[in-house]
Amino acid sequence: MFFTSDTTQRKFDLPVVSLPGVDDSYPPLKKSFMMLKYMHDHHIDEYEWFMRADDDVYVRNDKLVGLLRSLNSSDDIHLGQAGTGSVEERGKLHLLPGDNYCMGGPGVILSRSVLKKLLHILNIVSKQH
């Protein structure tokens, strides 16, 4: 599934989801939250794992499937590369000193349990923007 802010009705050979009102500002907080909300609202009962990654990420599916099969999707699992962002980003990300977050570029994987728990926050953020 590919998410875009483009709202034109074009036909593609893959599932493309338009996120109206999402721009390309950085850091892409709104875009990330809206993608997660869409995944929750449309696919929460279909999948055990949810991955958000940029369009230039290469995934070794065999390795990823092996890892995910070794974990329990009923547990609260949030996988990704921890980071703090650049000095310029820190104020925009609302992190406290010493906080880490899973950086979006390399990809983030959430268990169904975590995505369900995020719904309240995703609803708040979607109403604020």
# chains A, B, ... in the order shown; residues from 1 in each chain; ligands from 1
>>> select_by_dssp(residues="region 22-123 of chain A", states="strand (DSSP E)", output="PyMOL selection string")
chain A and resi 49-52+78-80+82-83+101-102+108-111
>>> write_last_selection(atoms="C-alpha atoms", output="mmCIF file, in the first residue's frame")
data_model
loop_
_atom_site.group_PDB
_atom_site.id
_atom_site.type_symbol
_atom_site.label_atom_id
_atom_site.label_comp_id
_atom_site.auth_asym_id
_atom_site.auth_seq_id
_atom_site.Cartn_x
_atom_site.Cartn_y
_atom_site.Cartn_z
ATOM 1 C CA TRP A 49 1.794 -6.521 12.066
ATOM 2 C CA PHE A 50 1.856 -3.051 10.518
ATOM 3 C CA MET A 51 4.882 -1.489 8.864
ATOM 4 C CA ARG A 52 5.426 2.113 7.890
ATOM 5 C CA HIS A 78 7.290 -1.366 18.467
ATOM 6 C CA LEU A 79 10.347 -2.038 16.311
ATOM 7 C CA GLY A 80 12.573 0.455 14.564
ATOM 8 C CA ALA A 82 16.038 4.488 17.754
ATOM 9 C CA GLY A 83 17.164 8.073 17.322
ATOM 10 C CA TYR A 101 11.871 7.555 19.064
ATOM 11 C CA CYS A 102 11.853 5.127 16.170
ATOM 12 C CA VAL A 108 8.732 1.196 11.930
ATOM 13 C CA ILE A 109 6.841 -1.998 12.727
ATOM 14 C CA LEU A 110 3.953 -2.081 15.184
ATOM 15 C CA SER A 111 2.120 -5.063 16.581
#
>>> closest_residue(among="A:Ser86, A:Thr4, A:Asn61, A:Ser74", to="Val16 (chain A)", atoms="only C-alpha atoms")
A:Thr4
>>> closest_residue(among="A:Glu48, A:Asn72, A:Leu36, A:Asp56", to="His120 (chain A)", atoms="only C-alpha atoms")
A:Leu36
>>> residues_around(residues="Asp76 (chain A)", least_positions_apart="6", cutoff="10 Å", atoms="only C-alpha atoms", output="MDAnalysis selection string")
chainID A and resid 110:117
>>> atom_distance(atom1="CA of Thr84 (chain A)", atom2="CA of Asn100 (chain A)")
5.1 Å
>>> atom_distance(atom1="CA of Ser5 (chain A)", atom2="CA of Met34 (chain A)")
10.5 Å
>>> residues_around(residues="Ile124 (chain A)", least_positions_apart="5", cutoff="12 Å", atoms="only C-alpha atoms", output="list of chain:residue names")
A:Lys30, A:Phe33, A:Met34, A:Lys37, A:Leu118, A:Leu119, A:His129
